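Peer 1: I'd like to ask you about the structure that follows.
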Amino acid sequence: MTAEAVPMRAPSAVIHPRWVRVTHWINAVAMLVMIGSGWEIYNASPLPLFPFQLPKSITLGGWLAGALAWHFAAMWLLVINGMVYVTLGLATGRFRAKLFPIRPRELIADLGAALRGRLSHDDLSIYNAMQKLLYLGVLCAGVVIVLSGLSIWKPIQLQELTALFGGYDAARYVHFFAMSAIVAFLVVHVILALLVPKSLRAMIVGK
Ligand code: HEM
Ligand code: HEM
């Protein structure tokens with residue numbers, strides 16, 4: 001077969017630009033470290049928030065000081081990477097184009113389709129209403145967990161911020177519930193990524 005006989009295919013458009021993919025995977029690593037070390041901090045707390053412990057095997061850091069070291073190291077990665085992603089998301093118009101508008105009617109229709117296993121994934125460059133809502137929601141949970149984390153890290157220096165959460169103790173609960181929301185998102189998110197492998201491929205190679 002000669003080269004001429006091979007039909008020229010237009011190079012398919014990039015679904016996720018490189019900056020989205022790089023910041024997404026850095027965020028995934030930073031989040032896993034924050035979750036694992038946060039669970040170890042939770043277990044080690046002399047004043048536990050809840051009357052249960054998390055399995056030691058899924059925590060990170062070994063003991064309180066080790067976990068705090070991991071938590072405060074990955075914090076920088078999480079925050080700087082998150083700021084890059086949000087700045088570029090706003091500046092390039094990606095957030096506006098991909099995450100908005102979210103229409104209640106579409107949300108209900110897409111939820112129904114999803115529950116019946118009929119949600120279309122033909123065009124990965126367009127998010128359905130459920131994806132938009134979940135991605136926007138986890139972005140907000142990310143902002144809340146960082147702000148509540150800062151307010152329990154520096155409750156004196158950042159007392160206005162701590163007060164905004166209703167004080168130190170309340171900020172600890174907010175921090176924990178934001179973690180729970182992120183973990184719940186992550187479980188669903190990873191299952192869906194594995195069920196639609198081409199979406200995982202697009203988040204790795206771009207298309
Ligand atoms: C800027 C980001 C963050 C900062 C400054 C921060 C700071 C802190 C601090 C100071 C503590 C110790 C609280 C105590 O002594 O009881 C803590 C605990 C914890 N963190 Fe974070 N954190 C951040 C992000 C995260 C993230 C992203 C997660 C998980 C998704 C997370 C999960 C937890 C958990 C589960 C605890 C234990 C809760 C408790 O028992 O009070 N943190 N964090
Ligand atoms: C570690 C396991 C993870 C895997 C396998 C994974 C996989 C993926 C995949 C395949 C996509 C594209 C999906 C699509 O087309 O809808 C995606 C997008 C996304 N993921 Fe994850 N992810 C992981 C962790 C996380 C974490 C920890 C967060 C946040 C807490 C997160 C937040 C997002 C967001 C916001 C998007 C949309 C990004 C954009 O379009 O700008 N992911 N992820």
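Letters for chains follow the order of the structure tokens (A, B, ...), residue numbers begin at 1 for each chain, and ligand numbers begin at 1 in the order shown.
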Report as a ChimeraX atom specification all protein, DNA and RNA residues lying within 9 Å of Arg21 in chain A, evaluated on only C-alpha atoms, omitting residues in the same chain fewer than 2 positions from it.
Peer 2: /A:16-19,23-26,202-206
Peer 1: Could you give me, as JSON lines, every chain A residue with an atom at most 9 Å from ligand 1, plus its closest atom pair and distance in Å to one decimal, counting only C-alpha atoms and all ligand atoms, rows ordered by chain then number?
Peer 2:
```
{"residue": "A:Ala30", "atom": "CA", "partner": "ligand 1", "partner_atom_place_in_ligand_line": "27 (C)", "distance": 7.7}
{"residue": "A:Met31", "atom": "CA", "partner": "ligand 1", "partner_atom_place_in_ligand_line": "27 (C)", "distance": 5.5}
{"residue": "A:Leu32", "atom": "CA", "partner": "ligand 1", "partner_atom_place_in_ligand_line": "30 (C)", "distance": 7.3}
{"residue": "A:Val33", "atom": "CA", "partner": "ligand 1", "partner_atom_place_in_ligand_line": "29 (C)", "distance": 8.0}
{"residue": "A:Met34", "atom": "CA", "partner": "ligand 1", "partner_atom_place_in_ligand_line": "28 (C)", "distance": 4.6}
{"residue": "A:Ile35", "atom": "CA", "partner": "ligand 1", "partner_atom_place_in_ligand_line": "29 (C)", "distance": 4.0}
{"residue": "A:Gly36", "atom": "CA", "partner": "ligand 1", "partner_atom_place_in_ligand_line": "29 (C)", "distance": 7.6}
{"residue": "A:Ser37", "atom": "CA", "partner": "ligand 1", "partner_atom_place_in_ligand_line": "33 (C)", "distance": 7.1}
{"residue": "A:Gly38", "atom": "CA", "partner": "ligand 1", "partner_atom_place_in_ligand_line": "34 (C)", "distance": 3.4}
{"residue": "A:Trp39", "atom": "CA", "partner": "ligand 1", "partner_atom_place_in_ligand_line": "35 (C)", "distance": 4.7}
{"residue": "A:Glu40", "atom": "CA", "partner": "ligand 1", "partner_atom_place_in_ligand_line": "37 (C)", "distance": 7.2}
{"residue": "A:Ile41", "atom": "CA", "partner": "ligand 1", "partner_atom_place_in_ligand_line": "37 (C)", "distance": 4.9}
{"residue": "A:Tyr42", "atom": "CA", "partner": "ligand 1", "partner_atom_place_in_ligand_line": "40 (O)", "distance": 3.4}
{"residue": "A:Asn43", "atom": "CA", "partner": "ligand 1", "partner_atom_place_in_ligand_line": "40 (O)", "distance": 6.9}
{"residue": "A:Ala44", "atom": "CA", "partner": "ligand 1", "partner_atom_place_in_ligand_line": "40 (O)", "distance": 7.8}
{"residue": "A:Ser45", "atom": "CA", "partner": "ligand 1", "partner_atom_place_in_ligand_line": "40 (O)", "distance": 5.8}
{"residue": "A:Pro46", "atom": "CA", "partner": "ligand 1", "partner_atom_place_in_ligand_line": "16 (O)", "distance": 8.5}
{"residue": "A:Leu47", "atom": "CA", "partner": "ligand 1", "partner_atom_place_in_ligand_line": "16 (O)", "distance": 7.8}
{"residue": "A:Pro48", "atom": "CA", "partner": "ligand 1", "partner_atom_place_in_ligand_line": "40 (O)", "distance": 6.0}
{"residue": "A:Leu49", "atom": "CA", "partner": "ligand 1", "partner_atom_place_in_ligand_line": "40 (O)", "distance": 5.9}
{"residue": "A:Phe50", "atom": "CA", "partner": "ligand 1", "partner_atom_place_in_ligand_line": "40 (O)", "distance": 8.5}
{"residue": "A:Leu68", "atom": "CA", "partner": "ligand 1", "partner_atom_place_in_ligand_line": "12 (C)", "distance": 7.3}
{"residue": "A:His71", "atom": "CA", "partner": "ligand 1", "partner_atom_place_in_ligand_line": "22 (N)", "distance": 6.5}
{"residue": "A:Phe72", "atom": "CA", "partner": "ligand 1", "partner_atom_place_in_ligand_line": "5 (C)", "distance": 6.7}
{"residue": "A:Ala74", "atom": "CA", "partner": "ligand 1", "partner_atom_place_in_ligand_line": "2 (C)", "distance": 8.3}
{"residue": "A:Met75", "atom": "CA", "partner": "ligand 1", "partner_atom_place_in_ligand_line": "2 (C)", "distance": 4.8}
{"residue": "A:Trp76", "atom": "CA", "partner": "ligand 1", "partner_atom_place_in_ligand_line": "1 (C)", "distance": 7.1}
{"residue": "A:Leu78", "atom": "CA", "partner": "ligand 1", "partner_atom_place_in_ligand_line": "2 (C)", "distance": 7.1}
{"residue": "A:Val79", "atom": "CA", "partner": "ligand 1", "partner_atom_place_in_ligand_line": "1 (C)", "distance": 6.1}
{"residue": "A:Ala141", "atom": "CA", "partner": "ligand 1", "partner_atom_place_in_ligand_line": "30 (C)", "distance": 8.9}
{"residue": "A:Gly142", "atom": "CA", "partner": "ligand 1", "partner_atom_place_in_ligand_line": "27 (C)", "distance": 6.8}
{"residue": "A:Val143", "atom": "CA", "partner": "ligand 1", "partner_atom_place_in_ligand_line": "1 (C)", "distance": 8.9}
{"residue": "A:Ile145", "atom": "CA", "partner": "ligand 1", "partner_atom_place_in_ligand_line": "24 (C)", "distance": 5.6}
{"residue": "A:Val146", "atom": "CA", "partner": "ligand 1", "partner_atom_place_in_ligand_line": "2 (C)", "distance": 4.0}
{"residue": "A:Leu147", "atom": "CA", "partner": "ligand 1", "partner_atom_place_in_ligand_line": "1 (C)", "distance": 6.7}
{"residue": "A:Ser148", "atom": "CA", "partner": "ligand 1", "partner_atom_place_in_ligand_line": "4 (C)", "distance": 7.2}
{"residue": "A:Gly149", "atom": "CA", "partner": "ligand 1", "partner_atom_place_in_ligand_line": "6 (C)", "distance": 3.5}
{"residue": "A:Leu150", "atom": "CA", "partner": "ligand 1", "partner_atom_place_in_ligand_line": "5 (C)", "distance": 4.1}
{"residue": "A:Ser151", "atom": "CA", "partner": "ligand 1", "partner_atom_place_in_ligand_line": "5 (C)", "distance": 7.4}
{"residue": "A:Ile152", "atom": "CA", "partner": "ligand 1", "partner_atom_place_in_ligand_line": "10 (C)", "distance": 5.0}
{"residue": "A:Trp153", "atom": "CA", "partner": "ligand 1", "partner_atom_place_in_ligand_line": "10 (C)", "distance": 3.6}
{"residue": "A:Lys154", "atom": "CA", "partner": "ligand 1", "partner_atom_place_in_ligand_line": "10 (C)", "distance": 7.5}
{"residue": "A:Asp169", "atom": "CA", "partner": "ligand 1", "partner_atom_place_in_ligand_line": "41 (O)", "distance": 8.5}
{"residue": "A:Ala171", "atom": "CA", "partner": "ligand 1", "partner_atom_place_in_ligand_line": "41 (O)", "distance": 8.7}
{"residue": "A:Arg172", "atom": "CA", "partner": "ligand 1", "partner_atom_place_in_ligand_line": "41 (O)", "distance": 4.9}
{"residue": "A:Tyr173", "atom": "CA", "partner": "ligand 1", "partner_atom_place_in_ligand_line": "41 (O)", "distance": 7.0}
{"residue": "A:His175", "atom": "CA", "partner": "ligand 1", "partner_atom_place_in_ligand_line": "33 (C)", "distance": 6.3}
{"residue": "A:Phe176", "atom": "CA", "partner": "ligand 1", "partner_atom_place_in_ligand_line": "35 (C)", "distance": 5.2}
{"residue": "A:Phe177", "atom": "CA", "partner": "ligand 1", "partner_atom_place_in_ligand_line": "35 (C)", "distance": 8.4}
{"residue": "A:Ala178", "atom": "CA", "partner": "ligand 1", "partner_atom_place_in_ligand_line": "30 (C)", "distance": 7.1}
{"residue": "A:Met179", "atom": "CA", "partner": "ligand 1", "partner_atom_place_in_ligand_line": "30 (C)", "distance": 4.2}
{"residue": "A:Ser180", "atom": "CA", "partner": "ligand 1", "partner_atom_place_in_ligand_line": "30 (C)", "distance": 7.5}
{"residue": "A:Ala181", "atom": "CA", "partner": "ligand 1", "partner_atom_place_in_ligand_line": "30 (C)", "distance": 8.5}
{"residue": "A:Ile182", "atom": "CA", "partner": "ligand 1", "partner_atom_place_in_ligand_line": "30 (C)", "distance": 6.1}
{"residue": "A:Val183", "atom": "CA", "partner": "ligand 1", "partner_atom_place_in_ligand_line": "30 (C)", "distance": 7.0}
```
Peer 1: Could I get the residue neighbourhood of ligand 2 at 6 Å, counting only C-alpha atoms and all ligand atoms, as an NGL selection string?
Peer 2: :A and (20 or 28 or 31 or 124 or 135 or 138 or 182 or 186 or 190 or 193 or 199-200 or 203)
Peer 1: If we count only C-alpha atoms and set the cut-off at 12 Å, which residues sit around range 101-109 of chain A, ignoring sequence neighbours fewer than 4 positions away in its own chain? Please answer as a list of chain:residue names.
Peer 2: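 Those residues are A:Phe95, A:Arg96, A:Ala97, A:Ala113, A:Ala114, A:Leu115, A:Arg116, A:Arg118, A:Leu119, A:Ser120, A:Ile126, A:Tyr127, A:Asn128, A:Ala129, A:Met130, A:Gln131, A:Lys132, A:Leu133, A:Leu134, A:Tyr135, A:Leu136, A:Gly137.
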Peer 1: Export N, CA, C and O atoms of the chosen residues as an mmCIF file, in the first residue's frame?
Peer 2:
```cif
data_model
loop_
_atom_site.group_PDB
_atom_site.id
_atom_site.type_symbol
_atom_site.label_atom_id
_atom_site.label_comp_id
_atom_site.auth_asym_id
_atom_site.auth_seq_id
_atom_site.Cartn_x
_atom_site.Cartn_y
_atom_site.Cartn_z
ATOM 1 N N PHE A 95 -12.904 26.724 32.732
ATOM 2 C CA PHE A 95 -13.969 26.491 33.705
ATOM 3 C C PHE A 95 -15.318 26.919 33.134
ATOM 4 O O PHE A 95 -16.312 26.212 33.245
ATOM 5 N N ARG A 96 -15.313 28.124 32.500
ATOM 6 C CA ARG A 96 -16.573 28.648 31.974
ATOM 7 C C ARG A 96 -17.107 27.733 30.861
ATOM 8 O O ARG A 96 -18.292 27.410 30.812
ATOM 9 N N ALA A 97 -16.192 27.281 30.017
ATOM 10 C CA ALA A 97 -16.611 26.464 28.879
ATOM 11 C C ALA A 97 -17.030 25.054 29.295
ATOM 12 O O ALA A 97 -17.979 24.491 28.751
ATOM 13 N N ALA A 113 -30.384 8.951 33.219
ATOM 14 C CA ALA A 113 -29.648 8.172 32.213
ATOM 15 C C ALA A 113 -28.500 7.412 32.868
ATOM 16 O O ALA A 113 -28.236 6.255 32.548
ATOM 17 N N ALA A 114 -27.828 8.075 33.815
ATOM 18 C CA ALA A 114 -26.681 7.436 34.482
ATOM 19 C C ALA A 114 -27.140 6.211 35.269
ATOM 20 O O ALA A 114 -26.509 5.149 35.212
ATOM 21 N N LEU A 115 -28.278 6.355 35.972
ATOM 22 C CA LEU A 115 -28.766 5.231 36.781
ATOM 23 C C LEU A 115 -29.214 4.072 35.901
ATOM 24 O O LEU A 115 -29.174 2.918 36.318
ATOM 25 N N ARG A 116 -29.636 4.391 34.667
ATOM 26 C CA ARG A 116 -30.035 3.314 33.755
ATOM 27 C C ARG A 116 -28.849 2.835 32.918
ATOM 28 O O ARG A 116 -28.999 2.032 32.022
ATOM 29 N N ARG A 118 -27.193 4.551 30.750
ATOM 30 C CA ARG A 118 -27.345 4.994 29.360
ATOM 31 C C ARG A 118 -26.673 6.339 29.100
ATOM 32 O O ARG A 118 -26.973 6.990 28.108
ATOM 33 N N LEU A 119 -25.807 6.772 30.012
ATOM 34 C CA LEU A 119 -25.184 8.078 29.817
ATOM 35 C C LEU A 119 -24.153 7.961 28.695
ATOM 36 O O LEU A 119 -23.329 7.049 28.692
ATOM 37 N N SER A 120 -24.209 8.902 27.753
ATOM 38 C CA SER A 120 -23.305 8.816 26.609
ATOM 39 C C SER A 120 -21.921 9.355 26.959
ATOM 40 O O SER A 120 -21.792 10.349 27.667
ATOM 41 N N ILE A 126 -16.970 17.096 26.166
ATOM 42 C CA ILE A 126 -18.117 17.792 26.771
ATOM 43 C C ILE A 126 -18.518 17.040 28.035
ATOM 44 O O ILE A 126 -18.779 15.836 27.992
ATOM 45 N N TYR A 127 -18.566 17.754 29.163
ATOM 46 C CA TYR A 127 -18.989 17.125 30.397
ATOM 47 C C TYR A 127 -20.513 17.156 30.497
ATOM 48 O O TYR A 127 -21.138 18.159 30.151
ATOM 49 N N ASN A 128 -21.112 16.039 30.984
ATOM 50 C CA ASN A 128 -22.556 16.056 31.224
ATOM 51 C C ASN A 128 -22.825 16.828 32.521
ATOM 52 O O ASN A 128 -21.890 17.188 33.257
ATOM 53 N N ALA A 129 -24.108 17.075 32.793
ATOM 54 C CA ALA A 129 -24.460 17.932 33.936
ATOM 55 C C ALA A 129 -23.967 17.343 35.261
ATOM 56 O O ALA A 129 -23.543 18.077 36.153
ATOM 57 N N MET A 130 -23.987 15.997 35.390
ATOM 58 C CA MET A 130 -23.502 15.371 36.631
ATOM 59 C C MET A 130 -22.012 15.611 36.817
ATOM 60 O O MET A 130 -21.542 15.906 37.915
ATOM 61 N N GLN A 131 -21.253 15.452 35.710
ATOM 62 C CA GLN A 131 -19.809 15.693 35.794
ATOM 63 C C GLN A 131 -19.525 17.138 36.189
ATOM 64 O O GLN A 131 -18.699 17.411 37.060
ATOM 65 N N LYS A 132 -20.257 18.067 35.535
ATOM 66 C CA LYS A 132 -20.044 19.488 35.840
ATOM 67 C C LYS A 132 -20.260 19.745 37.321
ATOM 68 O O LYS A 132 -19.449 20.377 37.991
ATOM 69 N N LEU A 133 -21.383 19.216 37.830
ATOM 70 C CA LEU A 133 -21.734 19.466 39.232
ATOM 71 C C LEU A 133 -20.691 18.858 40.176
ATOM 72 O O LEU A 133 -20.257 19.491 41.142
ATOM 73 N N LEU A 134 -20.286 17.611 39.865
ATOM 74 C CA LEU A 134 -19.331 16.945 40.755
ATOM 75 C C LEU A 134 -17.966 17.626 40.713
ATOM 76 O O LEU A 134 -17.315 17.797 41.742
ATOM 77 N N TYR A 135 -17.509 18.021 39.526
ATOM 78 C CA TYR A 135 -16.197 18.669 39.424
ATOM 79 C C TYR A 135 -16.208 20.038 40.104
ATOM 80 O O TYR A 135 -15.268 20.406 40.808
ATOM 81 N N LEU A 136 -17.311 20.761 39.928
ATOM 82 C CA LEU A 136 -17.432 22.061 40.599
ATOM 83 C C LEU A 136 -17.498 21.857 42.118
ATOM 84 O O LEU A 136 -16.862 22.585 42.886
ATOM 85 N N GLY A 137 -18.251 20.835 42.517
ATOM 86 C CA GLY A 137 -18.394 20.542 43.947
ATOM 87 C C GLY A 137 -17.067 20.182 44.586
ATOM 88 O O GLY A 137 -16.731 20.684 45.669
#
```
Peer 1: Restricting the calculation to only C-alpha atoms, which member of A:Gly112, A:Leu54, A:Cys140, A:Ser125 is positioned closest to Val86 in chain A?
Peer 2: A:Cys140
Peer 1: In Å, how far is it from CA of Gln157 in chain A to CA of Ala65 in chain A?
Peer 2: 21.9 Å
Peer 1: When you draw a straight line from CA of Ile156 in chain A to CA of Val144 in chain A, how long is it in Å?
Peer 2: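 Answer for the CA of Ile156 in chain A to CA of Val144 in chain A separation: 18.8 Å.
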Peer 1: Could you find all residues in range 5-178 of chain A that DSSP calls helix (DSSP H, G or I) from the backbone, and write them as a PyMOL selection string?
Peer 2: chain A and resi 5+18-44+56-58+64-91+94-99+104-115+129-153+159-164+168-178
